[in-house]
file entry.pdb (PDB, N, CA and C atoms)
ATOM      1  N   MET J   1     -21.501  -4.953  36.264
ATOM      2  CA  MET J   1     -20.148  -4.461  36.087
ATOM      3  C   MET J   1     -19.960  -3.250  37.008
ATOM      4  N   LYS J   2     -18.865  -3.246  37.695
ATOM      5  CA  LYS J   2     -18.557  -2.152  38.611
ATOM      6  C   LYS J   2     -18.224  -0.880  37.832
ATOM      7  N   LYS J   3     -18.354   0.250  38.511
ATOM      8  CA  LYS J   3     -18.076   1.531  37.877
ATOM      9  C   LYS J   3     -16.654   1.583  37.321
ATOM     10  N   VAL J   4     -15.702   1.116  38.094
ATOM     11  CA  VAL J   4     -14.312   1.166  37.647
ATOM     12  C   VAL J   4     -14.106   0.263  36.423
ATOM     13  N   GLU J   5     -14.797  -0.855  36.369
ATOM     14  CA  GLU J   5     -14.681  -1.742  35.208
ATOM     15  C   GLU J   5     -15.270  -1.080  33.968
ATOM     16  N   LYS J   6     -16.358  -0.329  34.131
ATOM     17  CA  LYS J   6     -16.943   0.402  33.013
ATOM     18  C   LYS J   6     -15.964   1.457  32.494
ATOM     19  N   GLU J   7     -15.292   2.111  33.414
ATOM     20  CA  GLU J   7     -14.298   3.113  33.016
ATOM     21  C   GLU J   7     -13.112   2.454  32.317
ATOM     22  N   PHE J   8     -12.687   1.292  32.817
ATOM     23  CA  PHE J   8     -11.618   0.549  32.163
ATOM     24  C   PHE J   8     -12.031   0.189  30.738
ATOM     25  N   GLU J   9     -13.285  -0.219  30.591
ATOM     26  CA  GLU J   9     -13.797  -0.586  29.274
ATOM     27  C   GLU J   9     -13.799   0.627  28.344
ATOM     28  N   LEU J  10     -14.138   1.784  28.861
ATOM     29  CA  LEU J  10     -14.095   3.004  28.048
ATOM     30  C   LEU J  10     -12.671   3.287  27.568
ATOM     31  N   VAL J  11     -11.714   3.126  28.458
ATOM     32  CA  VAL J  11     -10.312   3.342  28.085
ATOM     33  C   VAL J  11      -9.897   2.319  27.025
ATOM     34  N   ARG J  12     -10.314   1.062  27.199
ATOM     35  CA  ARG J  12      -9.989   0.027  26.217
ATOM     36  C   ARG J  12     -10.567   0.376  24.844
ATOM     37  N   ARG J  13     -11.780   0.888  24.824
ATOM     38  CA  ARG J  13     -12.411   1.277  23.561
ATOM     39  C   ARG J  13     -11.691   2.448  22.903
ATOM     40  N   ILE J  14     -11.250   3.402  23.713
ATOM     41  CA  ILE J  14     -10.468   4.523  23.178
ATOM     42  C   ILE J  14      -9.204   3.994  22.508
ATOM     43  N   ILE J  15      -8.516   3.112  23.206
ATOM     44  CA  ILE J  15      -7.278   2.539  22.667
ATOM     45  C   ILE J  15      -7.573   1.802  21.372
ATOM     46  N   GLU J  16      -8.597   0.963  21.348
ATOM     47  CA  GLU J  16      -8.940   0.185  20.158
ATOM     48  C   GLU J  16      -9.276   1.086  18.974
ATOM     49  N   ARG J  17     -10.069   2.134  19.227
ATOM     50  CA  ARG J  17     -10.467   3.047  18.153
ATOM     51  C   ARG J  17      -9.238   3.707  17.521
ATOM     52  N   HIS J  18      -8.328   4.178  18.360
ATOM     53  CA  HIS J  18      -7.137   4.844  17.832
ATOM     54  C   HIS J  18      -6.174   3.850  17.196
ATOM     55  N   TRP J  19      -6.089   2.667  17.756
ATOM     56  CA  TRP J  19      -5.235   1.628  17.189
ATOM     57  C   TRP J  19      -5.720   1.262  15.790
ATOM     58  N   GLU J  20      -7.035   1.097  15.634
ATOM     59  CA  GLU J  20      -7.601   0.762  14.328
ATOM     60  C   GLU J  20      -7.368   1.880  13.316
ATOM     61  N   ARG J  21      -7.497   3.128  13.757
ATOM     62  CA  ARG J  21      -7.206   4.260  12.863
ATOM     63  C   ARG J  21      -5.743   4.251  12.442
ATOM     64  N   ALA J  22      -4.854   3.985  13.382
ATOM     65  CA  ALA J  22      -3.425   3.953  13.074
ATOM     66  C   ALA J  22      -3.119   2.859  12.055
ATOM     67  N   ILE J  23      -3.699   1.689  12.232
ATOM     68  CA  ILE J  23      -3.487   0.592  11.288
ATOM     69  C   ILE J  23      -4.004   0.984   9.912
ATOM     70  N   GLY J  24      -5.163   1.628   9.867
ATOM     71  CA  GLY J  24      -5.715   2.085   8.587
ATOM     72  C   GLY J  24      -4.796   3.073   7.888
ATOM     73  N   LEU J  25      -4.221   3.998   8.647
ATOM     74  CA  LEU J  25      -3.298   4.972   8.066
ATOM     75  C   LEU J  25      -2.028   4.305   7.557
ATOM     76  N   VAL J  26      -1.517   3.352   8.318
ATOM     77  CA  VAL J  26      -0.323   2.618   7.885
ATOM     78  C   VAL J  26      -0.622   1.846   6.603
ATOM     79  N   ASN J  27      -1.776   1.197   6.544
ATOM     80  CA  ASN J  27      -2.144   0.458   5.338
ATOM     81  C   ASN J  27      -2.272   1.379   4.134
ATOM     82  N   ALA J  28      -2.865   2.545   4.339
ATOM     83  CA  ALA J  28      -3.009   3.508   3.244
ATOM     84  C   ALA J  28      -1.640   3.973   2.754
ATOM     85  N   GLU J  29      -0.732   4.263   3.665
ATOM     86  CA  GLU J  29       0.617   4.691   3.277
ATOM     87  C   GLU J  29       1.371   3.570   2.579
ATOM     88  N   SER J  30       1.190   2.348   3.037
ATOM     89  CA  SER J  30       1.827   1.205   2.370
ATOM     90  C   SER J  30       1.333   1.093   0.936
ATOM     91  N   LEU J  31       0.044   1.229   0.763
ATOM     92  CA  LEU J  31      -0.539   1.156  -0.574
ATOM     93  C   LEU J  31       0.019   2.260  -1.465
ATOM     94  N   MET J  32       0.127   3.462  -0.943
ATOM     95  CA  MET J  32       0.670   4.569  -1.727
ATOM     96  C   MET J  32       2.156   4.360  -2.038
ATOM     97  N   THR J  33       2.871   3.742  -1.107
ATOM     98  CA  THR J  33       4.280   3.423  -1.360
ATOM     99  C   THR J  33       4.397   2.423  -2.497
ATOM    100  N   TYR J  34       3.587   1.372  -2.458
ATOM    101  CA  TYR J  34       3.612   0.355  -3.516
ATOM    102  C   TYR J  34       3.246   0.970  -4.859
ATOM    103  N   TRP J  35       2.272   1.877  -4.851
ATOM    104  CA  TRP J  35       1.854   2.548  -6.078
ATOM    105  C   TRP J  35       3.006   3.388  -6.638
ATOM    106  N   ALA J  36       3.637   4.180  -5.786
ATOM    107  CA  ALA J  36       4.712   5.070  -6.228
ATOM    108  C   ALA J  36       5.929   4.293  -6.714
ATOM    109  N   VAL J  37       6.310   3.254  -5.982
ATOM    110  CA  VAL J  37       7.443   2.429  -6.405
ATOM    111  C   VAL J  37       7.101   1.723  -7.717
ATOM    112  N   GLY J  38       5.890   1.185  -7.794
ATOM    113  CA  GLY J  38       5.460   0.517  -9.024
ATOM    114  C   GLY J  38       5.498   1.452 -10.209
ATOM    115  N   ALA J  39       5.038   2.689 -10.031
ATOM    116  CA  ALA J  39       5.052   3.677 -11.116
ATOM    117  C   ALA J  39       6.477   3.999 -11.542
ATOM    118  N   PHE J  40       7.342   4.212 -10.569
ATOM    119  CA  PHE J  40       8.733   4.577 -10.851
ATOM    120  C   PHE J  40       9.436   3.474 -11.647
ATOM    121  N   VAL J  41       9.331   2.253 -11.148
ATOM    122  CA  VAL J  41      10.022   1.128 -11.795
ATOM    123  C   VAL J  41       9.361   0.802 -13.139
ATOM    124  N   SER J  42       8.038   0.836 -13.188
ATOM    125  CA  SER J  42       7.322   0.547 -14.432
ATOM    126  C   SER J  42       7.768   1.470 -15.555
ATOM    127  N   GLU J  43       7.862   2.746 -15.251
ATOM    128  CA  GLU J  43       8.272   3.723 -16.264
ATOM    129  C   GLU J  43       9.663   3.392 -16.807
ATOM    130  N   ARG J  44      10.572   3.016 -15.933
ATOM    131  CA  ARG J  44      11.927   2.705 -16.390
ATOM    132  C   ARG J  44      11.987   1.401 -17.178
ATOM    133  N   LEU J  45      11.173   0.445 -16.799
ATOM    134  CA  LEU J  45      11.135  -0.819 -17.552
ATOM    135  C   LEU J  45      10.514  -0.596 -18.938
ATOM    136  N   LYS J  46       9.450   0.195 -19.008
ATOM    137  CA  LYS J  46       8.784   0.449 -20.290
ATOM    138  C   LYS J  46       9.673   1.226 -21.249
ATOM    139  N   ASN J  47      10.499   2.113 -20.723
ATOM    140  CA  ASN J  47      11.400   2.911 -21.561
ATOM    141  C   ASN J  47      12.733   2.221 -21.794
ATOM    142  N   ALA J  48      12.821   0.976 -21.382
ATOM    143  CA  ALA J  48      14.036   0.165 -21.543
ATOM    144  C   ALA J  48      15.251   0.801 -20.880
ATOM    145  N   GLN J  49      15.003   1.628 -19.859
ATOM    146  CA  GLN J  49      16.109   2.184 -19.090
ATOM    147  C   GLN J  49      16.626   1.154 -18.094
ATOM    148  N   TRP J  50      15.719   0.293 -17.626
ATOM    149  CA  TRP J  50      16.061  -0.734 -16.656
ATOM    150  C   TRP J  50      15.674  -2.099 -17.208
ATOM    151  N   GLY J  51      16.386  -3.119 -16.723
ATOM    152  CA  GLY J  51      16.036  -4.502 -17.010
ATOM    153  C   GLY J  51      15.926  -5.262 -15.705
ATOM    154  N   SER J  52      15.777  -6.583 -15.802
ATOM    155  CA  SER J  52      15.577  -7.384 -14.588
ATOM    156  C   SER J  52      16.788  -7.326 -13.649
ATOM    157  N   LYS J  53      17.972  -7.194 -14.216
ATOM    158  CA  LYS J  53      19.171  -7.099 -13.366
ATOM    159  C   LYS J  53      19.175  -5.799 -12.567
ATOM    160  N   THR J  54      18.660  -4.742 -13.154
ATOM    161  CA  THR J  54      18.588  -3.468 -12.437
ATOM    162  C   THR J  54      17.578  -3.555 -11.309
ATOM    163  N   VAL J  55      16.445  -4.205 -11.564
ATOM    164  CA  VAL J  55      15.440  -4.375 -10.508
ATOM    165  C   VAL J  55      16.027  -5.224  -9.380
ATOM    166  N   GLU J  56      16.761  -6.254  -9.739
ATOM    167  CA  GLU J  56      17.431  -7.076  -8.724
ATOM    168  C   GLU J  56      18.451  -6.233  -7.951
ATOM    169  N   GLY J  57      19.170  -5.374  -8.663
ATOM    170  CA  GLY J  57      20.128  -4.477  -8.021
ATOM    171  C   GLY J  57      19.438  -3.518  -7.060
ATOM    172  N   LEU J  58      18.267  -3.011  -7.457
ATOM    173  CA  LEU J  58      17.496  -2.133  -6.573
ATOM    174  C   LEU J  58      17.102  -2.877  -5.304
ATOM    175  N   SER J  59      16.622  -4.087  -5.463
ATOM    176  CA  SER J  59      16.238  -4.898  -4.315
ATOM    177  C   SER J  59      17.424  -5.109  -3.374
ATOM    178  N   ASP J  60      18.569  -5.466  -3.936
ATOM    179  CA  ASP J  60      19.772  -5.667  -3.124
ATOM    180  C   ASP J  60      20.187  -4.371  -2.422
ATOM    181  N   TYR J  61      20.113  -3.269  -3.153
ATOM    182  CA  TYR J  61      20.467  -1.970  -2.586
ATOM    183  C   TYR J  61      19.574  -1.643  -1.392
ATOM    184  N   LEU J  62      18.271  -1.830  -1.557
ATOM    185  CA  LEU J  62      17.340  -1.534  -0.479
ATOM    186  C   LEU J  62      17.598  -2.418   0.738
ATOM    187  N   LYS J  63      17.952  -3.676   0.503
ATOM    188  CA  LYS J  63      18.257  -4.592   1.613
ATOM    189  C   LYS J  63      19.500  -4.152   2.366
ATOM    190  N   THR J  64      20.508  -3.658   1.652
ATOM    191  CA  THR J  64      21.733  -3.241   2.333
ATOM    192  C   THR J  64      21.531  -1.938   3.097
ATOM    193  N   ARG J  65      20.654  -1.071   2.593
ATOM    194  CA  ARG J  65      20.412   0.209   3.258
ATOM    195  C   ARG J  65      19.581   0.064   4.520
ATOM    196  N   ASN J  66      18.675  -0.932   4.524
ATOM    197  CA  ASN J  66      17.854  -1.176   5.708
ATOM    198  C   ASN J  66      17.505  -2.663   5.767
ATOM    199  N   PRO J  67      18.408  -3.468   6.337
ATOM    200  CA  PRO J  67      18.208  -4.921   6.346
ATOM    201  C   PRO J  67      16.951  -5.374   7.092
ATOM    202  N   LYS J  68      16.452  -4.563   8.008
ATOM    203  CA  LYS J  68      15.266  -4.954   8.780
ATOM    204  C   LYS J  68      13.963  -4.727   8.012
ATOM    205  N   ARG J  69      13.992  -3.886   7.007
ATOM    206  CA  ARG J  69      12.772  -3.594   6.237
ATOM    207  C   ARG J  69      12.501  -4.735   5.270
ATOM    208  N   ARG J  70      11.300  -5.230   5.319
ATOM    209  CA  ARG J  70      10.911  -6.348   4.469
ATOM    210  C   ARG J  70       9.893  -5.893   3.421
ATOM    211  N   GLY J  71       9.738  -6.712   2.393
ATOM    212  CA  GLY J  71       8.705  -6.457   1.398
ATOM    213  C   GLY J  71       9.193  -5.752   0.152
ATOM    214  N   PHE J  72      10.515  -5.652  -0.030
ATOM    215  CA  PHE J  72      11.045  -4.984  -1.205
ATOM    216  C   PHE J  72      12.032  -5.856  -1.964
ATOM    217  N   GLY J  73      11.777  -7.158  -1.927
ATOM    218  CA  GLY J  73      12.566  -8.084  -2.732
ATOM    219  C   GLY J  73      12.207  -7.931  -4.196
ATOM    220  N   LYS J  74      12.973  -8.571  -5.061
ATOM    221  CA  LYS J  74      12.758  -8.471  -6.504
ATOM    222  C   LYS J  74      11.326  -8.849  -6.877
ATOM    223  N   ARG J  75      10.829  -9.941  -6.344
ATOM    224  CA  ARG J  75       9.471 -10.395  -6.649
ATOM    225  C   ARG J  75       8.438  -9.365  -6.178
ATOM    226  N   HIS J  76       8.654  -8.805  -4.989
ATOM    227  CA  HIS J  76       7.726  -7.795  -4.468
ATOM    228  C   HIS J  76       7.717  -6.544  -5.354
ATOM    229  N   ILE J  77       8.881  -6.148  -5.805
ATOM    230  CA  ILE J  77       8.962  -4.961  -6.662
ATOM    231  C   ILE J  77       8.210  -5.208  -7.965
ATOM    232  N   TYR J  78       8.373  -6.393  -8.539
ATOM    233  CA  TYR J  78       7.617  -6.707  -9.755
ATOM    234  C   TYR J  78       6.110  -6.761  -9.478
ATOM    235  N   ASN J  79       5.721  -7.193  -8.292
ATOM    236  CA  ASN J  79       4.300  -7.158  -7.932
ATOM    237  C   ASN J  79       3.790  -5.720  -7.867
ATOM    238  N   MET J  80       4.628  -4.807  -7.384
ATOM    239  CA  MET J  80       4.253  -3.397  -7.331
ATOM    240  C   MET J  80       4.082  -2.841  -8.739
ATOM    241  N   VAL J  81       4.970  -3.243  -9.636
ATOM    242  CA  VAL J  81       4.859  -2.823 -11.038
ATOM    243  C   VAL J  81       3.561  -3.359 -11.634
ATOM    244  N   SER J  82       3.278  -4.611 -11.377
ATOM    245  CA  SER J  82       2.058  -5.222 -11.887
ATOM    246  C   SER J  82       0.818  -4.526 -11.337
ATOM    247  N   PHE J  83       0.834  -4.223 -10.058
ATOM    248  CA  PHE J  83      -0.264  -3.500  -9.412
ATOM    249  C   PHE J  83      -0.487  -2.162 -10.108
ATOM    250  N   TYR J  84       0.586  -1.421 -10.298
ATOM    251  CA  TYR J  84       0.481  -0.116 -10.946
ATOM    252  C   TYR J  84       0.003  -0.259 -12.391
ATOM    253  N   ASP J  85       0.617  -1.167 -13.127
ATOM    254  CA  ASP J  85       0.258  -1.341 -14.538
ATOM    255  C   ASP J  85      -1.195  -1.780 -14.713
ATOM    256  N   THR J  86      -1.660  -2.641 -13.832
ATOM    257  CA  THR J  86      -3.036  -3.132 -13.930
ATOM    258  C   THR J  86      -4.033  -2.001 -13.749
ATOM    259  N   TYR J  87      -3.849  -1.205 -12.708
ATOM    260  CA  TYR J  87      -4.841  -0.188 -12.380
ATOM    261  C   TYR J  87      -4.679   1.114 -13.147
ATOM    262  N   THR J  88      -3.656   1.196 -13.985
ATOM    263  CA  THR J  88      -3.533   2.353 -14.872
ATOM    264  C   THR J  88      -3.763   1.965 -16.324
ATOM    265  N   SER J  89      -4.036   0.698 -16.560
ATOM    266  CA  SER J  89      -4.238   0.236 -17.934
ATOM    267  C   SER J  89      -5.519   0.813 -18.516
ATOM    268  N   SER J  90      -5.528   0.988 -19.824
ATOM    269  CA  SER J  90      -6.723   1.510 -20.490
ATOM    270  C   SER J  90      -7.889   0.532 -20.343
ATOM    271  N   GLU J  91      -7.588  -0.765 -20.316
ATOM    272  CA  GLU J  91      -8.641  -1.762 -20.140
ATOM    273  C   GLU J  91      -9.333  -1.585 -18.782
ATOM    274  N   PHE J  92      -8.538  -1.422 -17.721
ATOM    275  CA  PHE J  92      -9.132  -1.222 -16.399
ATOM    276  C   PHE J  92      -9.898   0.093 -16.349
ATOM    277  N   GLN J  93      -9.335   1.141 -16.936
ATOM    278  CA  GLN J  93     -10.003   2.439 -16.935
ATOM    279  C   GLN J  93     -11.358   2.343 -17.639
ATOM    280  N   SER J  94     -11.395   1.600 -18.733
ATOM    281  CA  SER J  94     -12.649   1.414 -19.471
ATOM    282  C   SER J  94     -13.687   0.684 -18.625
ATOM    283  N   ILE J  95     -13.261  -0.375 -17.975
ATOM    284  CA  ILE J  95     -14.169  -1.137 -17.109
ATOM    285  C   ILE J  95     -14.629  -0.267 -15.946
ATOM    286  N   SER J  96     -13.699   0.477 -15.375
ATOM    287  CA  SER J  96     -14.015   1.355 -14.246
ATOM    288  C   SER J  96     -15.062   2.390 -14.635
ATOM    289  N   GLU J  97     -14.887   2.971 -15.801
ATOM    290  CA  GLU J  97     -15.859   3.965 -16.269
ATOM    291  C   GLU J  97     -17.216   3.323 -16.544
ATOM    292  N   ARG J  98     -17.193   2.150 -17.180
ATOM    293  CA  ARG J  98     -18.450   1.475 -17.507
ATOM    294  C   ARG J  98     -19.216   1.082 -16.246
ATOM    295  N   LEU J  99     -18.494   0.617 -15.234
ATOM    296  CA  LEU J  99     -19.129   0.205 -13.979
ATOM    297  C   LEU J  99     -19.317   1.375 -13.014
ATOM    298  N   ARG J 100     -18.811   2.533 -13.404
ATOM    299  CA  ARG J 100     -18.901   3.739 -12.577
ATOM    300  C   ARG J 100     -18.308   3.504 -11.187
ATOM    301  N   LEU J 101     -17.116   2.891 -11.170
ATOM    302  CA  LEU J 101     -16.456   2.599  -9.894
ATOM    303  C   LEU J 101     -16.080   3.860  -9.144
ATOM    304  N   HIS J 102     -15.884   4.954  -9.851
ATOM    305  CA  HIS J 102     -15.528   6.217  -9.188
ATOM    306  C   HIS J 102     -16.622   6.655  -8.202
ATOM    307  N   GLU J 103     -17.824   6.139  -8.368
ATOM    308  CA  GLU J 103     -18.886   6.477  -7.440
ATOM    309  C   GLU J 103     -18.733   5.759  -6.097
ATOM    310  N   PHE J 104     -17.928   4.691  -6.104
ATOM    311  CA  PHE J 104     -17.739   3.892  -4.890
ATOM    312  C   PHE J 104     -16.385   4.098  -4.267
ATOM    313  N   VAL J 105     -15.419   4.571  -5.033
ATOM    314  CA  VAL J 105     -14.042   4.717  -4.564
ATOM    315  C   VAL J 105     -13.644   6.166  -4.702
ATOM    316  N   GLN J 106     -13.069   6.702  -3.643
ATOM    317  CA  GLN J 106     -12.582   8.084  -3.698
ATOM    318  C   GLN J 106     -11.260   8.102  -4.440
ATOM    319  N   LEU J 107     -11.221   8.821  -5.548
ATOM    320  CA  LEU J 107     -10.001   8.911  -6.332
ATOM    321  C   LEU J 107      -9.081   9.962  -5.731
ATOM    322  N   PRO J 108      -7.768   9.774  -5.890
ATOM    323  CA  PRO J 108      -6.830  10.754  -5.318
ATOM    324  C   PRO J 108      -6.927  12.095  -6.012
TER     325      PRO J 108
END
call {"tool": "encode", "arguments": {"input": "entry.pdb", "output": "structure tokens"}}
result
Amino acid sequence: MKKVEKEFELVRRIIERHWERAIGLVNAESLMTYWAVGAFVSERLKNAQWGSKTVEGLSDYLKTRNPKRRGFGKRHIYNMVSFYDTYTSSEFQSISERLRLHEFVQLP
């Protein structure tokens, strides 16, 4: 491999390393968004402040505010609620403690 090709390869590796970090950060923020939305909606559903029509209304509202943004349809929002409810449930917390999952996962 020529010297210039080695240098090109170094530049490619720099780009790949930063690209992978950027994707990781985006994924982490997406996960935190799903968690926060799930928590917000879950709380309102549990307190009977909201029903399925309100969740549908939220989905429609989000679509009208930013039609290009995807992933916030009614079904997706309920998936976020399910995600939040599952990982905050006492059953999951009990299993997590028994298996000592906190030793493998960094908690916020």
call {"tool": "axis_aligned_box", "arguments": {"input": "entry.pdb", "around": "range 94-98 of chain J", "padding_each_side": "4 Å", "output": "AutoDock Vina command-line options"}}
result
--center_x -15.3 --center_y 1.4 --center_z -16.9 --size_x 15.8 --size_y 13.1 --size_z 13.2
call {"tool": "atom_distance", "arguments": {"input": "entry.pdb", "atom1": "CA of Phe40 in chain J", "atom2": "CA of Val81 in chain J"}}
result
8.4 Å
call {"tool": "closest_residue", "arguments": {"input": "entry.pdb", "among": "J:Leu58, J:Leu101, J:Val41, J:Ile95", "to": "Gly73 in chain J", "atoms": "all atoms listed in the file"}}
result
J:Leu58
call {"tool": "residues_around", "arguments": {"input": "entry.pdb", "residues": "range 26-34 of chain J", "least_positions_apart": "3", "cutoff": "7 Å", "atoms": "only N, CA and C atoms", "output": "PyMOL selection string"}}
result
chain J and resi 21-23+37-39+80-81+84
call {"tool": "closest_residue", "arguments": {"input": "entry.pdb", "among": "J:Lys74, J:Glu7, J:Glu97, J:Ser89", "to": "Leu62 in chain J", "atoms": "only C-alpha atoms"}}
result
J:Lys74
